[in-house]
>>> print(open('final.cif').read())   # mmCIF, C-alpha atoms
data_protein
#
loop_
_atom_site.label_atom_id
_atom_site.label_comp_id
_atom_site.auth_asym_id
_atom_site.auth_seq_id
_atom_site.Cartn_x
_atom_site.Cartn_y
_atom_site.Cartn_z
CA MET A 1 252.07 213.60 168.03
CA THR A 2 249.33 213.04 165.47
CA ALA A 3 246.58 210.68 166.65
CA LEU A 4 245.59 207.73 164.35
CA PHE A 5 241.91 207.13 163.90
CA PRO A 6 240.36 204.04 162.23
CA PRO A 7 238.41 204.68 159.03
CA SER A 8 234.76 205.43 159.49
CA ARG A 9 232.07 202.73 159.01
CA GLY A 10 230.85 204.38 155.80
CA ARG A 11 234.32 204.29 154.29
CA ARG A 12 234.78 200.57 155.11
CA VAL A 13 231.46 199.66 153.48
CA GLY A 14 232.31 201.60 150.36
CA THR A 15 235.67 199.84 149.99
CA VAL A 16 234.14 196.34 150.36
CA GLY A 17 231.37 197.18 147.89
CA ALA A 18 233.88 198.31 145.26
CA ALA A 19 235.87 195.11 145.65
CA LEU A 20 232.77 192.94 145.22
CA LEU A 21 231.68 194.90 142.14
CA ALA A 22 235.10 194.47 140.54
CA LEU A 23 235.06 190.74 141.25
CA ALA A 24 231.59 190.33 139.68
CA LEU A 25 232.62 192.22 136.56
CA THR A 26 235.71 190.01 136.21
CA GLY A 27 233.56 186.83 136.41
CA CYS A 28 231.15 188.06 133.74
CA SER A 29 233.93 188.91 131.29
CA ALA A 30 235.70 185.52 131.78
CA GLY A 31 232.81 183.41 130.49
CA PRO A 32 232.68 184.11 126.74
CA ASP A 33 236.40 184.41 125.97
CA GLY A 34 237.81 181.26 127.70
CA GLY A 35 239.18 180.37 131.08
CA GLY A 36 236.02 180.83 133.16
CA PRO A 37 233.19 178.51 134.18
CA ALA A 38 231.00 179.44 131.24
CA SER A 39 233.81 178.58 128.84
CA SER A 40 234.29 175.11 130.44
CA THR A 41 230.58 174.27 130.15
CA ALA A 42 230.45 175.27 126.51
CA SER A 43 233.57 173.25 125.76
CA SER A 44 232.11 170.10 127.39
CA SER A 45 228.88 170.47 125.41
CA ALA A 46 230.79 170.85 122.15
CA GLU A 47 232.89 167.76 122.87
CA ALA A 48 229.79 165.65 123.65
CA SER A 49 228.10 166.81 120.43
CA ALA A 50 231.20 165.99 118.38
CA ALA A 51 231.46 162.53 119.96
CA ALA A 52 227.80 161.77 119.16
CA GLY A 53 228.23 162.88 115.56
CA ALA A 54 231.32 160.66 115.12
CA GLY A 55 229.61 157.58 116.59
CA THR A 56 231.85 157.62 119.67
CA ALA A 57 230.30 157.46 123.11
CA ALA A 58 231.02 160.26 125.54
CA PRO A 59 232.93 159.21 128.65
CA GLY A 60 230.74 157.22 131.06
CA THR A 61 228.13 156.31 128.41
CA ALA A 62 227.68 153.28 126.15
CA ALA A 63 227.80 153.70 122.39
CA PRO A 64 224.36 153.52 120.74
CA GLY A 65 223.49 149.95 119.79
CA ALA A 66 226.34 148.43 121.81
CA ALA A 67 223.98 146.26 123.87
CA SER A 68 222.62 144.59 120.76
CA GLU A 69 226.00 143.56 119.34
CA PRO A 70 226.22 139.74 118.97
CA SER A 71 228.89 137.83 120.82
CA SER A 72 231.92 136.93 118.74
CA SER A 73 233.34 134.30 121.09
CA GLY A 74 232.16 131.42 118.88
CA THR A 75 231.13 129.40 121.93
CA PRO A 76 227.86 127.46 121.45
CA GLU A 77 224.98 128.40 123.69
CA PRO A 78 224.45 126.13 126.71
CA GLY A 79 222.16 123.24 125.85
CA THR A 80 223.32 122.92 122.24
CA ALA A 81 225.54 120.21 120.84
CA GLY A 82 227.78 122.10 118.44
CA THR A 83 226.61 121.24 114.92
CA GLY A 84 223.95 118.82 116.14
CA SER A 85 220.39 119.33 117.31
CA PRO A 86 219.63 121.41 120.40
CA ALA A 87 219.71 119.27 123.53
CA PRO A 88 216.97 119.51 126.13
CA SER A 89 217.77 121.58 129.19
CA GLY A 90 219.80 119.64 131.72
CA ASN A 91 220.76 116.76 129.45
CA ASP A 92 223.39 117.97 127.01
CA VAL A 93 226.01 115.43 128.04
CA ALA A 94 225.62 113.36 124.88
CA PRO A 95 224.83 114.14 121.25
CA TYR A 96 221.37 113.58 119.80
CA ASP A 97 222.48 113.55 116.19
CA ASP A 98 224.26 111.01 113.99
CA THR A 99 227.76 111.99 115.11
CA ALA A 100 227.73 109.35 117.89
CA THR A 101 228.54 105.70 117.22
CA ARG A 102 226.29 102.84 118.32
CA ASP A 103 228.58 100.12 119.58
CA ALA A 104 225.83 97.55 120.09
CA ALA A 105 222.08 97.09 120.35
CA ALA A 106 220.15 95.12 122.92
CA ALA A 107 216.54 94.44 123.84
CA PHE A 108 214.98 95.85 126.99
CA GLY A 109 215.54 93.43 129.84
CA SER A 110 218.66 91.89 128.34
CA THR A 111 222.25 92.44 129.48
CA ARG A 112 224.95 93.86 127.26
CA GLN A 113 228.63 94.40 128.00
CA LEU A 114 229.32 98.13 128.03
CA THR A 115 233.06 97.94 128.73
CA ASP A 116 235.53 95.20 129.55
CA SER A 117 234.49 95.37 133.20
CA LEU A 118 230.96 96.79 133.16
CA ALA A 119 227.70 95.26 131.90
CA GLY A 120 224.38 97.07 131.59
CA THR A 121 220.69 96.21 131.57
CA VAL A 122 217.75 98.52 130.82
CA GLU A 123 214.30 97.39 131.94
CA GLY A 124 211.04 99.08 130.93
CA PRO A 125 209.30 101.09 129.81
CA ARG A 126 206.80 101.71 132.60
CA PRO A 127 204.25 104.40 131.58
CA ALA A 128 203.58 106.87 134.38
CA THR A 129 202.30 110.37 135.10
CA THR A 130 204.23 112.97 137.02
CA GLY A 131 202.96 114.16 140.39
CA GLN A 132 202.64 117.68 141.72
CA ARG A 133 206.32 118.55 142.07
CA PRO A 134 208.33 117.09 139.19
CA VAL A 135 211.61 118.55 137.97
CA ARG A 136 212.04 119.39 134.26
CA ALA A 137 208.49 118.28 133.54
CA ALA A 138 205.02 119.68 134.12
CA PRO A 139 202.75 118.23 136.81
CA GLY A 140 200.49 115.52 135.39
CA ALA A 141 202.70 115.01 132.30
CA PRO A 142 203.09 111.58 130.67
CA VAL A 143 206.52 109.97 131.11
CA GLN A 144 208.16 106.61 130.54
CA VAL A 145 210.25 105.15 133.37
CA PHE A 146 213.19 102.78 132.96
CA THR A 147 215.54 101.02 135.36
CA VAL A 148 219.21 100.97 134.39
CA THR A 149 221.34 98.34 136.17
CA LEU A 150 225.13 98.21 135.98
CA THR A 151 227.17 95.19 137.06
CA ASN A 152 230.92 95.15 137.65
CA THR A 153 232.24 92.07 135.86
CA GLY A 154 235.90 92.94 136.43
CA ALA A 155 238.40 92.50 139.24
CA ASP A 156 238.63 96.16 140.31
CA PRO A 157 236.13 98.73 141.59
CA VAL A 158 234.52 100.87 138.88
CA ASP A 159 233.44 104.47 139.38
CA ALA A 160 230.11 104.21 137.53
CA LEU A 161 229.24 107.91 137.67
CA PRO A 162 229.86 108.51 133.93
CA TRP A 163 227.12 105.99 133.03
CA SER A 164 224.47 107.89 135.04
CA PHE A 165 223.07 109.93 132.13
CA PRO A 166 221.24 107.77 129.58
CA VAL A 167 219.57 109.41 126.60
CA ALA A 168 216.18 108.50 125.14
CA VAL A 169 215.02 109.18 121.59
CA ALA A 170 211.79 108.59 119.72
CA GLY A 171 212.95 108.25 116.15
CA ASP A 172 215.17 111.30 115.65
CA GLU A 173 213.54 113.35 118.40
CA PRO A 174 215.04 113.49 121.91
CA ALA A 175 212.84 112.83 124.94
CA PRO A 176 213.79 115.24 127.74
CA PRO A 177 214.65 113.64 131.07
CA ALA A 178 212.31 114.16 134.02
CA TYR A 179 212.68 113.67 137.76
CA ASP A 180 209.88 112.99 140.21
CA GLU A 181 210.25 111.89 143.82
CA SER A 182 206.73 110.44 143.79
CA LEU A 183 207.77 108.07 140.99
CA GLY A 184 211.06 107.13 142.66
CA VAL A 185 213.00 108.93 139.93
CA ARG A 186 215.50 111.05 141.83
CA MET A 187 218.39 113.23 140.76
CA GLU A 188 220.98 110.60 141.63
CA THR A 189 224.04 109.07 140.01
CA PHE A 190 225.67 105.67 140.04
CA PRO A 191 228.19 105.01 142.85
CA THR A 192 231.49 103.17 142.68
CA ILE A 193 230.66 99.51 142.14
CA ALA A 194 232.77 96.80 143.76
CA PRO A 195 233.87 93.71 141.77
CA GLY A 196 230.89 91.41 141.34
CA GLY A 197 228.52 94.10 142.63
CA SER A 198 225.72 95.93 140.85
CA ALA A 199 223.69 99.12 141.22
CA SER A 200 220.38 100.32 139.74
CA LEU A 201 219.06 103.74 138.84
CA ASP A 202 215.53 104.71 137.79
CA VAL A 203 215.30 107.23 134.97
CA ALA A 204 212.29 108.85 133.29
CA PHE A 205 211.72 110.70 130.04
CA SER A 206 208.88 112.96 128.96
CA ALA A 207 207.07 111.05 126.24
CA ALA A 208 203.60 109.81 125.38
CA HIS A 209 202.83 106.40 126.83
CA ASP A 210 202.64 104.85 123.36
CA ALA A 211 205.89 106.43 122.09
CA ASP A 212 208.59 103.98 121.00
CA LEU A 213 211.63 105.10 122.93
CA ALA A 214 215.15 103.83 122.48
CA VAL A 215 217.44 104.29 125.49
CA ARG A 216 221.11 104.94 124.81
CA VAL A 217 223.55 104.24 127.62
CA PHE A 218 226.62 106.40 127.14
CA ASP A 219 229.99 106.19 128.81
CA ASN A 220 230.20 109.94 129.31
CA THR A 221 233.97 109.87 129.59
CA THR A 222 233.77 109.24 125.80
CA PRO A 223 230.23 110.46 125.02
CA ASP A 224 230.38 109.69 121.30
CA HIS A 225 229.79 105.95 121.89
CA TYR A 226 226.73 104.20 123.27
CA VAL A 227 224.82 100.93 123.59
CA GLU A 228 221.19 101.26 122.53
CA PHE A 229 218.34 99.37 124.20
CA THR A 230 215.02 99.01 122.39
CA ASP A 231 211.93 96.77 122.27
#
>>> encode(input="final.cif", output="structure tokens")
Amino acid sequence: MTALFPPSRGRRVGTVGAALLALALTGCSAGPDGGGPASSTASSSAEASAAAGAGTAAPGTAAPGAASEPSSSGTPEPGTAGTGSPAPSGNDVAPYDDTATRDAAAAFGSTRQLTDSLAGTVEGPRPATTGQRPVRAAPGAPVQVFTVTLTNTGADPVDALPWSFPVAVAGDEPAPPAYDESLGVRMETFPTIAPGGSASLDVAFSAAHDADLAVRVFDNTTPDHYVEFTD
């Protein structure tokens, strides 16, 4: 019987070395003519260059200039009143232009019927200066303070919340509202008023002490109508 002997160590090393050399040569030849890693990298670079030249963004990137494109939704910016004048921040619930209708005029301190069941009075102005922590006004700024009183003249309770946002103008210019705890002008709204009952709310507007303000009390369920109180 013929004995079987394993190949020598030198023979095994030579066989492995030849296999590795063949594999390396195969990898080098696959790059330039397609199918290998080098071919894939070149293809990706060519596609990215073509996309840039055509104005099309490569996958995962934004097209140049896309961030500066204007919005086409047609929705007005917050704080603007459509075709009217820009409204001050935080008080864009009623228009400041001539699109609203003045239902009536009244002097400060007098009472005017706002609806069939709600009457209003505006008292003031009281010149004041904001304290250290006002809202929507700078510390130490001049303001004019008014007291708005609503009275329920009807037979049913009235949710008076919609009348909580009066507007003040000096000529054609709006006076931005201001809030200041030290002046008693808080960010509050009118409650529901029982028949025969009344409620008051202090409001303030940023304006010089000698400015002639007119205060418009809107029913903000239909904010294109108001009663205007003046001197």
>>> closest_residue(input="final.cif", among="A:Leu150, A:Gly171, A:His209, A:Pro176", to="Ala119 of chain A", atoms="only C-alpha atoms")
A:Leu150
>>> closest_residue(input="final.cif", among="A:Pro127, A:Pro95, A:Pro139, A:Pro166", to="Asp212 of chain A", atoms="all atoms listed in the file")
A:Pro127
>>> closest_residue(input="final.cif", among="A:Val217, A:Val145, A:Val158, A:Ala138", to="Leu114 of chain A", atoms="all atoms listed in the file")
A:Val217
>>> residues_around(input="final.cif", residues="Glu228 of chain A", least_positions_apart="5", cutoff="8 Å", atoms="all atoms listed in the file", output="MDAnalysis selection string")
chainID A and resid 102 104:106 214:217
>>> closest_residue(input="final.cif", among="A:Met187, A:Ala204, A:Ser164, A:Thr151", to="Thr111 of chain A", atoms="only C-alpha atoms")
A:Thr151
>>> residues_around(input="final.cif", residues="Val167 of chain A", least_positions_apart="5", cutoff="12 Å", atoms="all atoms listed in the file", output="PyMOL selection string")
chain A and resi 87-88+90-97+100+122+146+148+172-178+203-206+213-220+223+225-229
>>> atom_distance(input="final.cif", atom1="atom CA of Asp159 of chain A", atom2="atom CA of Asp180 of chain A")
25.1 Å
>>> residues_near_point(input="final.cif", point="(201.0, 111.2, 132.3)", cutoff="8 Å", atoms="all atoms listed in the file", output="list in words")
Pro127, Ala128, Thr129, Thr130, Gly140, Ala141, Pro142, Val143, Ala208 and His209 of chain A
>>> atom_distance(input="final.cif", atom1="atom CA of Arg133 of chain A", atom2="atom CA of Phe190 of chain A")
23.3 Å
>>> closest_residue(input="final.cif", among="A:Gly120, A:Gly109, A:Gly131, A:Thr147", to="Tyr179 of chain A", atoms="only C-alpha atoms")
A:Gly131
>>> closest_residue(input="final.cif", among="A:Ser110, A:Thr189, A:Thr149, A:Thr99", to="Thr230 of chain A", atoms="only C-alpha atoms")
A:Ser110
